[in-house]
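Raw contents of structure-v7.cif, mmCIF, C-alpha atoms and all ligand atoms:
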data_run
#
loop_
_atom_site.label_atom_id
_atom_site.label_comp_id
_atom_site.auth_asym_id
_atom_site.auth_seq_id
_atom_site.Cartn_x
_atom_site.Cartn_y
_atom_site.Cartn_z
CA MET A 277 -22.41 18.89 -66.75
CA ALA A 278 -21.00 17.17 -69.82
CA ASP A 279 -18.82 14.12 -69.10
CA LEU A 280 -15.08 14.41 -68.75
CA LYS A 281 -14.25 13.17 -72.22
CA SER A 282 -16.48 15.66 -74.01
CA THR A 283 -15.16 18.51 -71.85
CA PHE A 284 -11.67 17.34 -72.78
CA LEU A 285 -12.56 17.26 -76.49
CA ASN A 286 -13.98 20.80 -76.28
CA VAL A 287 -10.63 22.00 -74.98
CA TYR A 288 -9.01 20.43 -78.06
CA SER A 289 -11.15 22.66 -80.29
CA VAL A 290 -10.15 25.75 -78.32
CA LEU A 291 -6.43 24.91 -78.48
CA LYS A 292 -6.61 24.06 -82.17
CA SER A 293 -8.33 27.30 -83.01
CA GLU A 294 -5.69 29.28 -81.09
CA LEU A 295 -2.95 27.56 -83.08
CA LEU A 296 -4.78 28.17 -86.35
CA ASN A 297 -4.88 31.86 -85.51
CA ASP A 298 -1.37 32.12 -84.10
CA PRO A 299 -0.32 35.75 -84.60
CA ALA A 300 3.31 34.65 -85.09
CA PHE A 301 2.47 33.30 -88.56
CA GLU A 302 0.53 34.76 -91.48
CA PHE A 303 -1.67 31.87 -92.45
CA SER A 304 -2.91 31.51 -96.01
CA ASP A 305 -6.10 29.48 -96.42
CA ASP A 306 -4.01 26.54 -97.70
CA ALA A 307 -1.71 26.60 -94.70
CA ARG A 308 -4.54 26.83 -92.24
CA GLN A 309 -6.39 23.97 -93.91
CA TRP A 310 -3.28 21.80 -93.89
CA ILE A 311 -2.69 22.26 -90.15
CA ASP A 312 -6.39 21.80 -89.41
CA ARG A 313 -6.51 18.47 -91.27
CA MET A 314 -3.13 17.32 -89.97
CA LEU A 315 -4.16 17.96 -86.36
CA ASP A 316 -7.54 16.26 -86.69
CA TYR A 317 -5.88 13.27 -88.37
CA ASN A 318 -3.12 12.81 -85.79
CA VAL A 319 -3.98 14.31 -82.42
CA PRO A 320 -7.41 13.35 -81.06
CA GLY A 321 -8.02 9.83 -82.48
CA GLY A 322 -6.32 7.66 -79.85
CA LYS A 323 -7.48 6.24 -76.53
CA LEU A 324 -6.60 9.61 -74.87
CA ASN A 325 -5.47 7.73 -71.75
CA ARG A 326 -2.40 9.88 -71.27
CA GLY A 327 -4.28 13.16 -71.63
CA LEU A 328 -7.28 12.19 -69.51
CA SER A 329 -4.93 10.92 -66.81
CA VAL A 330 -3.74 14.45 -66.10
CA ILE A 331 -7.27 15.51 -65.15
CA ASP A 332 -7.96 12.28 -63.22
CA SER A 333 -4.69 12.57 -61.34
CA TYR A 334 -5.19 16.23 -60.52
CA LYS A 335 -8.68 15.50 -59.17
CA LEU A 336 -7.36 12.71 -56.97
CA LEU A 337 -4.55 14.92 -55.68
CA LYS A 338 -7.19 17.49 -54.70
CA GLU A 339 -8.86 14.79 -52.57
CA GLY A 340 -12.49 15.41 -53.35
CA GLU A 341 -12.36 19.21 -53.54
CA ALA A 342 -14.47 20.33 -56.50
CA LEU A 343 -12.36 21.65 -59.37
CA THR A 344 -13.07 25.10 -60.78
CA ASP A 345 -13.77 25.45 -64.51
CA ASP A 346 -10.39 27.11 -64.84
CA GLU A 347 -8.62 24.16 -63.20
CA ILE A 348 -10.42 21.70 -65.47
CA PHE A 349 -9.41 23.75 -68.49
CA LEU A 350 -5.76 23.92 -67.43
CA ALA A 351 -5.51 20.22 -66.57
CA SER A 352 -7.11 19.46 -69.95
CA ALA A 353 -4.67 21.74 -71.77
CA LEU A 354 -1.76 19.89 -70.14
CA GLY A 355 -3.40 16.60 -71.10
CA TRP A 356 -3.58 17.81 -74.69
CA CYS A 357 0.09 18.83 -74.63
CA ILE A 358 0.84 15.15 -73.90
CA GLU A 359 -1.48 14.03 -76.70
CA TRP A 360 0.32 16.49 -79.03
CA LEU A 361 3.65 15.02 -77.94
CA GLN A 362 2.32 11.53 -78.59
CA ALA A 363 1.05 12.57 -82.06
CA TYR A 364 4.49 13.99 -82.87
CA PHE A 365 6.21 10.78 -81.75
CA LEU A 366 3.80 8.52 -83.61
CA VAL A 367 3.95 10.42 -86.91
CA LEU A 368 7.74 10.06 -86.87
CA ASP A 369 7.83 6.55 -85.35
CA ASP A 370 5.61 5.24 -88.14
CA ILE A 371 8.04 6.54 -90.77
CA MET A 372 10.99 5.01 -88.89
CA ASP A 373 9.22 1.66 -88.33
CA ASN A 374 7.85 1.59 -91.87
CA SER A 375 4.39 0.97 -90.43
CA HIS A 376 1.15 0.85 -92.40
CA THR A 377 -1.74 1.70 -90.14
CA ARG A 378 -2.29 3.60 -86.94
CA ARG A 379 -5.52 4.06 -84.99
CA GLY A 380 -7.41 2.20 -87.72
CA GLN A 381 -6.32 4.42 -90.61
CA PRO A 382 -3.24 4.69 -92.83
CA CYS A 383 -0.19 6.17 -91.12
CA TRP A 384 -0.05 9.91 -91.85
CA PHE A 385 3.01 9.64 -94.13
CA ARG A 386 1.13 7.07 -96.25
CA VAL A 387 -1.75 9.44 -96.98
CA PRO A 388 -1.63 10.61 -100.63
CA LYS A 389 0.16 13.95 -101.06
CA VAL A 390 1.54 13.82 -97.50
CA GLY A 391 4.60 11.55 -97.77
CA LEU A 392 7.63 13.12 -96.14
CA ILE A 393 5.83 16.38 -95.44
CA ALA A 394 4.85 14.26 -92.43
CA ALA A 395 8.39 14.76 -91.10
CA ASN A 396 7.83 18.52 -90.99
CA ASP A 397 4.36 18.01 -89.57
CA GLY A 398 6.04 16.11 -86.74
CA VAL A 399 8.29 19.12 -86.09
CA LEU A 400 5.24 21.40 -86.11
CA LEU A 401 3.33 19.18 -83.68
CA ARG A 402 6.33 19.33 -81.37
CA ASN A 403 6.49 23.11 -81.64
CA HIS A 404 2.83 23.51 -80.84
CA ILE A 405 3.47 22.31 -77.28
CA PRO A 406 5.48 25.31 -76.02
CA ARG A 407 2.98 27.59 -77.79
CA ILE A 408 0.07 26.03 -75.88
CA LEU A 409 2.06 26.28 -72.66
CA LYS A 410 2.93 29.91 -73.32
CA ASN A 411 -0.71 30.79 -74.07
CA HIS A 412 -2.07 29.28 -70.87
CA PHE A 413 0.67 28.86 -68.26
CA LYS A 414 3.08 31.74 -68.74
CA GLY A 415 2.20 33.51 -65.48
CA LYS A 416 2.09 30.36 -63.33
CA PRO A 417 4.75 29.71 -60.68
CA TYR A 418 5.33 26.24 -62.19
CA TYR A 419 5.71 27.46 -65.81
CA VAL A 420 9.49 26.95 -65.98
CA ASP A 421 9.17 23.52 -64.36
CA LEU A 422 6.59 22.52 -66.98
CA LEU A 423 8.85 23.56 -69.86
CA ASP A 424 11.76 21.74 -68.26
CA LEU A 425 9.64 18.62 -67.71
CA PHE A 426 8.50 18.43 -71.34
CA ASN A 427 12.06 18.99 -72.56
CA GLU A 428 13.52 16.30 -70.30
CA VAL A 429 10.89 13.75 -71.19
CA GLU A 430 11.27 14.41 -74.92
CA PHE A 431 15.02 13.93 -74.61
CA GLN A 432 14.53 10.64 -72.76
CA THR A 433 12.05 9.40 -75.36
CA ALA A 434 14.23 10.28 -78.34
CA SER A 435 17.19 8.60 -76.62
CA GLY A 436 15.16 5.41 -76.07
CA GLN A 437 13.95 5.56 -79.65
CA MET A 438 17.57 5.81 -80.78
CA ILE A 439 18.54 2.61 -78.94
CA ASP A 440 15.41 0.93 -80.33
CA LEU A 441 16.53 1.90 -83.84
CA ILE A 442 20.27 1.31 -83.77
CA THR A 443 19.88 -2.23 -82.43
CA THR A 444 18.13 -3.08 -85.72
CA LEU A 445 20.82 -1.71 -88.07
CA GLU A 446 21.40 -3.73 -91.22
CA GLY A 447 24.71 -5.58 -91.12
CA GLU A 448 24.74 -5.59 -87.34
CA LYS A 449 21.68 -7.75 -86.81
CA ASP A 450 22.70 -9.85 -83.87
CA LEU A 451 20.09 -11.61 -81.78
CA SER A 452 22.63 -12.55 -79.13
CA LYS A 453 22.57 -8.96 -77.81
CA TYR A 454 18.78 -9.11 -77.21
CA THR A 455 18.37 -9.53 -73.45
CA LEU A 456 15.79 -8.39 -70.90
CA THR A 457 18.30 -5.80 -69.70
CA LEU A 458 18.51 -4.18 -73.14
CA HIS A 459 14.75 -4.45 -73.59
CA ARG A 460 14.14 -2.76 -70.25
CA ARG A 461 16.46 0.08 -71.08
CA ILE A 462 14.79 0.72 -74.44
CA VAL A 463 11.21 0.68 -73.15
CA GLN A 464 11.89 2.66 -70.02
CA TYR A 465 13.19 5.51 -72.15
CA LYS A 466 11.12 5.28 -75.33
CA THR A 467 7.75 4.73 -73.62
CA ALA A 468 7.57 4.87 -69.83
CA TYR A 469 8.61 8.46 -69.15
CA TYR A 470 6.32 10.17 -71.61
CA SER A 471 3.38 7.79 -71.29
CA PHE A 472 3.27 7.32 -67.52
CA TYR A 473 5.51 9.69 -65.59
CA LEU A 474 4.65 12.78 -67.65
CA PRO A 475 0.85 12.86 -67.04
CA VAL A 476 1.23 12.42 -63.29
CA ALA A 477 4.16 14.87 -63.14
CA CYS A 478 2.00 17.48 -64.91
CA ALA A 479 -0.77 17.00 -62.32
CA LEU A 480 1.75 17.21 -59.46
CA LEU A 481 3.15 20.49 -60.79
CA MET A 482 -0.33 21.95 -61.15
CA ALA A 483 -1.04 20.93 -57.55
CA GLY A 484 2.01 22.94 -56.47
CA GLU A 485 4.28 19.97 -55.74
CA ASN A 486 8.04 19.84 -56.22
CA LEU A 487 8.90 16.89 -58.49
CA ASP A 488 12.18 16.28 -56.64
CA ASN A 489 10.06 15.04 -53.73
CA HIS A 490 8.36 12.39 -55.84
CA VAL A 491 11.12 10.13 -57.09
CA ASP A 492 9.31 7.11 -55.58
CA VAL A 493 6.21 7.93 -57.65
CA LYS A 494 8.37 8.22 -60.74
CA ASN A 495 9.89 4.79 -60.11
CA ILE A 496 6.49 3.14 -59.81
CA LEU A 497 5.28 4.86 -62.99
CA VAL A 498 8.37 3.73 -64.89
CA GLU A 499 7.59 0.18 -63.76
CA MET A 500 4.02 0.60 -65.03
CA GLY A 501 5.28 2.00 -68.34
CA THR A 502 7.56 -0.98 -68.77
CA TYR A 503 4.62 -3.31 -68.25
CA PHE A 504 2.63 -1.24 -70.76
CA GLN A 505 5.30 -1.56 -73.46
CA VAL A 506 5.56 -5.33 -72.86
CA GLN A 507 1.81 -5.39 -73.58
CA ASP A 508 2.45 -3.33 -76.73
CA ASP A 509 5.11 -5.81 -77.87
CA TYR A 510 2.74 -8.70 -77.14
CA LEU A 511 -0.16 -7.08 -79.01
CA ASP A 512 2.12 -6.34 -81.99
CA CYS A 513 2.10 -10.10 -82.67
CA PHE A 514 -0.94 -11.50 -80.85
CA GLY A 515 -3.35 -8.56 -80.80
CA ASP A 516 -6.25 -8.17 -83.21
CA PRO A 517 -5.26 -5.46 -85.75
CA GLU A 518 -8.92 -4.37 -85.95
CA THR A 519 -8.93 -3.73 -82.22
CA ILE A 520 -5.46 -2.25 -81.77
CA GLY A 521 -5.81 -0.19 -84.96
CA LYS A 522 -2.34 -1.05 -86.24
CA ILE A 523 -0.60 -3.91 -88.00
CA GLY A 524 2.47 -5.23 -86.21
CA THR A 525 5.91 -4.87 -87.80
CA ASP A 526 8.24 -5.85 -84.94
CA ILE A 527 9.31 -9.22 -86.41
CA GLU A 528 10.03 -7.74 -89.85
CA ASP A 529 11.83 -4.79 -88.25
CA PHE A 530 14.15 -6.96 -86.12
CA LYS A 531 12.89 -5.15 -83.00
CA CYS A 532 14.17 -5.97 -79.55
CA SER A 533 10.64 -6.97 -78.57
CA TRP A 534 9.81 -8.64 -75.25
CA LEU A 535 8.57 -11.62 -77.29
CA VAL A 536 11.84 -12.29 -79.08
CA VAL A 537 13.79 -11.85 -75.85
CA LYS A 538 11.55 -14.45 -74.14
CA ALA A 539 11.72 -16.74 -77.17
CA LEU A 540 15.54 -16.63 -77.07
CA GLU A 541 15.46 -17.41 -73.36
CA LEU A 542 13.18 -20.43 -73.82
CA SER A 543 14.54 -21.90 -77.07
CA ASN A 544 16.68 -24.98 -77.47
CA GLU A 545 19.52 -24.89 -80.02
CA GLN A 546 17.33 -25.96 -82.92
CA GLN A 547 14.63 -23.41 -82.10
CA LYS A 548 17.26 -20.70 -81.76
CA LYS A 549 18.41 -21.56 -85.28
CA ILE A 550 14.89 -20.85 -86.57
CA LEU A 551 14.96 -17.43 -84.92
CA TYR A 552 18.40 -16.57 -86.25
CA GLU A 553 17.32 -17.58 -89.74
CA HIS A 554 13.91 -15.92 -89.95
CA TYR A 555 13.78 -12.96 -87.54
CA GLY A 556 14.03 -9.48 -89.10
CA LYS A 557 13.15 -10.40 -92.72
CA PRO A 558 10.36 -8.63 -94.62
CA ASP A 559 8.99 -11.78 -96.32
CA PRO A 560 5.65 -12.99 -94.80
CA ALA A 561 6.95 -16.58 -94.96
CA ASN A 562 9.79 -15.69 -92.59
CA VAL A 563 7.40 -13.87 -90.28
CA ALA A 564 5.10 -16.92 -90.24
CA LYS A 565 8.00 -19.16 -89.17
CA VAL A 566 8.76 -16.87 -86.24
CA LYS A 567 5.11 -16.73 -85.21
CA ALA A 568 4.84 -20.52 -85.37
CA LEU A 569 7.82 -20.78 -83.04
CA TYR A 570 6.24 -18.25 -80.64
CA ASN A 571 3.19 -20.51 -80.51
CA GLU A 572 5.31 -23.63 -80.01
CA LEU A 573 6.98 -21.91 -77.05
CA ASN A 574 3.56 -20.90 -75.67
CA LEU A 575 4.51 -17.23 -75.48
CA GLN A 576 0.86 -16.32 -74.89
CA GLY A 577 0.95 -18.33 -71.66
CA VAL A 578 4.35 -16.90 -70.72
CA PHE A 579 2.94 -13.40 -71.24
CA GLU A 580 -0.13 -14.09 -69.09
CA GLU A 581 2.16 -15.23 -66.31
CA TYR A 582 4.29 -12.09 -66.70
CA GLU A 583 1.17 -9.93 -66.73
CA SER A 584 -0.22 -11.17 -63.42
CA GLN A 585 3.17 -11.12 -61.69
CA SER A 586 3.99 -7.67 -62.91
CA TYR A 587 0.54 -6.38 -61.90
CA GLN A 588 0.91 -7.79 -58.39
CA LYS A 589 4.38 -6.30 -58.02
CA ILE A 590 3.16 -2.86 -59.06
CA VAL A 591 0.12 -3.04 -56.72
CA ASN A 592 2.48 -3.93 -53.85
CA SER A 593 4.71 -0.93 -54.50
CA ILE A 594 1.66 1.33 -54.78
CA GLU A 595 0.30 0.11 -51.47
CA ALA A 596 3.64 0.79 -49.80
CA HIS A 597 3.31 4.49 -50.68
CA PRO A 598 2.54 6.70 -47.64
CA SER A 599 -0.03 8.98 -49.33
CA LYS A 600 -3.54 7.65 -49.97
CA ALA A 601 -4.12 10.33 -52.63
CA VAL A 602 -0.99 9.29 -54.53
CA GLN A 603 -2.01 5.64 -54.18
CA ALA A 604 -5.36 6.50 -55.76
CA VAL A 605 -3.64 8.27 -58.68
CA LEU A 606 -1.39 5.29 -59.36
CA LYS A 607 -4.14 2.69 -58.95
CA SER A 608 -6.44 4.55 -61.30
CA PHE A 609 -3.70 4.66 -63.94
CA LEU A 610 -2.93 0.96 -63.51
CA ALA A 611 -6.62 0.01 -63.80
CA LYS A 612 -6.73 1.70 -67.22
CA ILE A 613 -4.13 -0.64 -68.69
CA TYR A 614 -4.42 -3.95 -66.83
CA LYS A 615 -5.26 -6.72 -69.33
CA ARG A 616 -5.82 -4.19 -72.09
CA GLN A 617 -6.60 -5.53 -75.56
CA LYS A 618 -5.81 -2.26 -77.33
C1 LIG B 1 6.69 3.21 -79.07
O1 LIG B 1 7.34 2.25 -79.82
C2 LIG B 1 7.60 4.38 -78.91
C3 LIG B 1 7.33 5.60 -79.41
C4 LIG B 1 6.07 5.86 -80.11
C5 LIG B 1 8.32 6.71 -79.21
C6 LIG B 1 8.77 7.31 -80.51
C7 LIG B 1 9.77 8.34 -80.25
C8 LIG B 1 10.24 9.25 -81.14
C9 LIG B 1 11.25 10.25 -80.69
C10 LIG B 1 9.80 9.30 -82.55
P1 LIG B 1 6.60 1.31 -80.90
O2 LIG B 1 7.23 1.54 -82.22
O3 LIG B 1 6.53 -0.07 -80.36
O4 LIG B 1 5.10 1.90 -80.94
P2 LIG B 1 3.97 1.35 -81.92
O5 LIG B 1 3.83 -0.13 -81.67
O6 LIG B 1 2.73 2.11 -81.49
O7 LIG B 1 4.41 1.68 -83.31
MG MG B 2 9.05 2.25 -82.88
MG MG B 3 6.26 1.79 -84.13
MG MG B 4 4.95 -1.55 -80.80
#

Since I need it in another form, could you write the structure as structure tokens?
Amino acid sequence: MADLKSTFLNVYSVLKSELLNDPAFEFSDDARQWIDRMLDYNVPGGKLNRGLSVIDSYKLLKEGEALTDDEIFLASALGWCIEWLQAYFLVLDDIMDNSHTRRGQPCWFRVPKVGLIAANDGVLLRNHIPRILKNHFKGKPYYVDLLDLFNEVEFQTASGQMIDLITTLEGEKDLSKYTLTLHRRIVQYKTAYYSFYLPVACALLMAGENLDNHVDVKNILVEMGTYFQVQDDYLDCFGDPETIGKIGTDIEDFKCSWLVVKALELSNEQQKKILYEHYGKPDPANVAKVKALYNELNLQGVFEEYESQSYQKIVNSIEAHPSKAVQAVLKSFLAKIYKRQK
């Protein structure tokens, strides 16, 4: 049997071809080609961690029982719905963050002749999700719960994204409001729900579980998602752009990044002055000043300390969970991101 990733990629081709032949729209050749290229450019090129986690989690919840081909297909389709959601968020996030590259290529809106058509492509990507769900899950007892889950998580993400964006508004740039509490709130909503809770929640629904009975699992996953976004903030400045496939813009964008929050916490008055003067300006010279201060404050060391503490804390909460199968799901997810470089 082919390995999991190639099975997963085959399902992408099936789902794409269904969307390209959607009877609800009369495709011209141009339209079909546009969607085809837009999907290939934005959907399958990432690490696929979120999508693959649905299949992994479902397997672990089944505790060693062999999955049928149908179950593998369905878990993969749900995984792809999350990858579609992620593609939709990233296409729009890159416009909002004025980013340059993503997954080692220009951001979609920067591709010649795409520009702000990318905004509509984002809307289309988002609308593909309920179409995939309708095609493959309509008769299932958990269909309504799936729709509700995707809607809730999208709402949470857009709300987190809004806080992320309005804190950076021109004229209201105020570093004194950047605290760990604000940071936590932003990342919990903009990242943790869709990246961590959603894949496991999809697997739980497929396994016939009621999500109301798994609030403890949700809390652990939100903790993991917070840790993941701290890594993302760290890599934005200290990661290798070749490896992470994107060039950081958090300093220029005046983002409430974990790094600036820590820097504010650790700075003396004179160092704070440097931050107030240079943070959130587009000029590379200003960015360099901020980065030099981050080095002076040894933020790499501070991050490493955070990373091991946070990891240990999450492992402890996982091990306190009564179900061994759920523990395995959570541990497998955590192992995928611990000390990641991309
Ligand atoms: C990641 O933030 C958050 C998202 C991708 C959610 C976007 C939500 C929308 C409703 C558009 P980030 O900007 O730090 O991610 P990256 O570093 O990958 O650009
Ligand atoms: Mg962003
Ligand atoms: Mg961004
Ligand atoms: Mg980032």

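The spacing separating atom CA of Ile496 of chain A from atom CA of Ile594 of chain A amounts to 7.2 Å.
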
Up to 12 Å from (5.5, 25.2, -80.3) in the file's coordinates: name the residues, counting all atoms listed in the file, as a PyMOL selection string. chain A and resi 294-295+298+300-301+357+360-361+364+397-411+423+426-427

Close residues to ligand MG 4 (chain B) using all atoms listed in the file, limit 10 Å, as a PyMOL selection string: chain A and resi 369+373+375+467+505-513+522-526+531+533

Show me which residues sit within 6 Å of ligand LIG 1 (chain B) when counting all atoms listed in the file, and put them as a PyMOL selection string. chain A and resi 365-366+368-369+433-434+437+466-467

Residues near segment 565-574 of chain A, cut-off 8 Å, all atoms listed in the file, skip fewer than 2 positions along chain, as a PDB file with C-alpha atoms, keeping the file's coordinate frame:
ATOM      1  CA  CYS A 513       2.100 -10.100 -82.670  1.00  0.00           C
ATOM      2  CA  ILE A 527       9.310  -9.220 -86.410  1.00  0.00           C
ATOM      3  CA  LEU A 535       8.570 -11.620 -77.290  1.00  0.00           C
ATOM      4  CA  ALA A 539      11.720 -16.740 -77.170  1.00  0.00           C
ATOM      5  CA  LEU A 542      13.180 -20.430 -73.820  1.00  0.00           C
ATOM      6  CA  SER A 543      14.540 -21.900 -77.070  1.00  0.00           C
ATOM      7  CA  GLN A 547      14.630 -23.410 -82.100  1.00  0.00           C
ATOM      8  CA  ILE A 550      14.890 -20.850 -86.570  1.00  0.00           C
ATOM      9  CA  LEU A 551      14.960 -17.430 -84.920  1.00  0.00           C
ATOM     10  CA  HIS A 554      13.910 -15.920 -89.950  1.00  0.00           C
ATOM     11  CA  TYR A 555      13.780 -12.960 -87.540  1.00  0.00           C
ATOM     12  CA  ALA A 561       6.950 -16.580 -94.960  1.00  0.00           C
ATOM     13  CA  ASN A 562       9.790 -15.690 -92.590  1.00  0.00           C
ATOM     14  CA  VAL A 563       7.400 -13.870 -90.280  1.00  0.00           C
ATOM     15  CA  GLN A 576       0.860 -16.320 -74.890  1.00  0.00           C
ATOM     16  CA  GLY A 577       0.950 -18.330 -71.660  1.00  0.00           C
ATOM     17  CA  VAL A 578       4.350 -16.900 -70.720  1.00  0.00           C
TER      18      VAL A 578
END

Restricted to all heavy atoms, what does segment 355-363 of chain A look like when written out as an mmCIF file, in the first residue's frame?
data_model
loop_
_atom_site.group_PDB
_atom_site.id
_atom_site.type_symbol
_atom_site.label_atom_id
_atom_site.label_comp_id
_atom_site.auth_asym_id
_atom_site.auth_seq_id
_atom_site.Cartn_x
_atom_site.Cartn_y
_atom_site.Cartn_z
ATOM 1 N N GLY A 355 -9.238 16.209 6.264
ATOM 2 C CA GLY A 355 -7.905 16.816 6.340
ATOM 3 C C GLY A 355 -7.736 17.875 5.262
ATOM 4 O O GLY A 355 -7.235 18.974 5.518
ATOM 5 N N TRP A 356 -8.204 17.566 4.057
ATOM 6 C CA TRP A 356 -8.089 18.552 2.975
ATOM 7 C C TRP A 356 -8.965 19.768 3.211
ATOM 8 O O TRP A 356 -8.592 20.886 2.843
ATOM 9 C CB TRP A 356 -8.365 17.913 1.609
ATOM 10 C CG TRP A 356 -7.155 17.169 1.113
ATOM 11 C CD1 TRP A 356 -7.020 15.829 0.928
ATOM 12 C CD2 TRP A 356 -5.876 17.752 0.776
ATOM 13 N NE1 TRP A 356 -5.743 15.532 0.503
ATOM 14 C CE2 TRP A 356 -5.029 16.687 0.403
ATOM 15 C CE3 TRP A 356 -5.375 19.059 0.777
ATOM 16 C CZ2 TRP A 356 -3.692 16.899 0.005
ATOM 17 C CZ3 TRP A 356 -4.047 19.264 0.385
ATOM 18 C CH2 TRP A 356 -3.228 18.201 0.018
ATOM 19 N N CYS A 357 -10.136 19.569 3.846
ATOM 20 C CA CYS A 357 -10.965 20.744 4.166
ATOM 21 C C CYS A 357 -10.163 21.714 5.048
ATOM 22 O O CYS A 357 -10.253 22.933 4.881
ATOM 23 C CB CYS A 357 -12.244 20.333 4.886
ATOM 24 S SG CYS A 357 -13.441 19.596 3.775
ATOM 25 N N ILE A 358 -9.370 21.171 5.974
ATOM 26 C CA ILE A 358 -8.559 22.040 6.835
ATOM 27 C C ILE A 358 -7.443 22.703 6.016
ATOM 28 O O ILE A 358 -7.140 23.879 6.191
ATOM 29 C CB ILE A 358 -7.991 21.268 8.043
ATOM 30 C CG1 ILE A 358 -9.148 20.645 8.826
ATOM 31 C CG2 ILE A 358 -7.152 22.190 8.930
ATOM 32 C CD1 ILE A 358 -8.722 19.787 9.996
ATOM 33 N N GLU A 359 -6.859 21.955 5.089
ATOM 34 C CA GLU A 359 -5.821 22.550 4.238
ATOM 35 C C GLU A 359 -6.425 23.635 3.335
ATOM 36 O O GLU A 359 -5.778 24.637 3.043
ATOM 37 C CB GLU A 359 -5.115 21.470 3.415
ATOM 38 C CG GLU A 359 -4.286 20.477 4.261
ATOM 39 C CD GLU A 359 -3.109 21.146 4.998
ATOM 40 O OE1 GLU A 359 -2.607 22.189 4.547
ATOM 41 O OE2 GLU A 359 -2.704 20.603 6.059
ATOM 42 N N TRP A 360 -7.668 23.436 2.896
ATOM 43 C CA TRP A 360 -8.359 24.468 2.103
ATOM 44 C C TRP A 360 -8.595 25.723 2.964
ATOM 45 O O TRP A 360 -8.415 26.854 2.514
ATOM 46 C CB TRP A 360 -9.703 23.934 1.605
ATOM 47 C CG TRP A 360 -9.820 23.780 0.121
ATOM 48 C CD1 TRP A 360 -10.307 24.716 -0.747
ATOM 49 C CD2 TRP A 360 -9.476 22.626 -0.684
ATOM 50 N NE1 TRP A 360 -10.283 24.209 -2.039
ATOM 51 C CE2 TRP A 360 -9.793 22.943 -2.026
ATOM 52 C CE3 TRP A 360 -8.945 21.370 -0.395
ATOM 53 C CZ2 TRP A 360 -9.587 22.040 -3.088
ATOM 54 C CZ3 TRP A 360 -8.738 20.482 -1.442
ATOM 55 C CH2 TRP A 360 -9.056 20.818 -2.777
ATOM 56 N N LEU A 361 -8.996 25.485 4.199
ATOM 57 C CA LEU A 361 -9.236 26.603 5.122
ATOM 58 C C LEU A 361 -7.940 27.380 5.339
ATOM 59 O O LEU A 361 -7.910 28.616 5.302
ATOM 60 C CB LEU A 361 -9.749 26.041 6.459
ATOM 61 C CG LEU A 361 -10.209 27.052 7.504
ATOM 62 C CD1 LEU A 361 -11.537 27.682 7.103
ATOM 63 C CD2 LEU A 361 -10.371 26.383 8.879
ATOM 64 N N GLN A 362 -6.867 26.630 5.524
ATOM 65 C CA GLN A 362 -5.553 27.235 5.736
ATOM 66 C C GLN A 362 -5.140 28.041 4.494
ATOM 67 O O GLN A 362 -4.651 29.166 4.609
ATOM 68 C CB GLN A 362 -4.550 26.102 6.027
ATOM 69 C CG GLN A 362 -3.095 26.397 5.765
ATOM 70 C CD GLN A 362 -2.430 27.021 6.973
ATOM 71 O OE1 GLN A 362 -3.086 27.601 7.822
ATOM 72 N NE2 GLN A 362 -1.127 26.918 7.041
ATOM 73 N N ALA A 363 -5.380 27.488 3.296
ATOM 74 C CA ALA A 363 -5.027 28.195 2.060
ATOM 75 C C ALA A 363 -5.804 29.511 1.974
ATOM 76 O O ALA A 363 -5.251 30.570 1.647
ATOM 77 C CB ALA A 363 -5.328 27.323 0.849
#
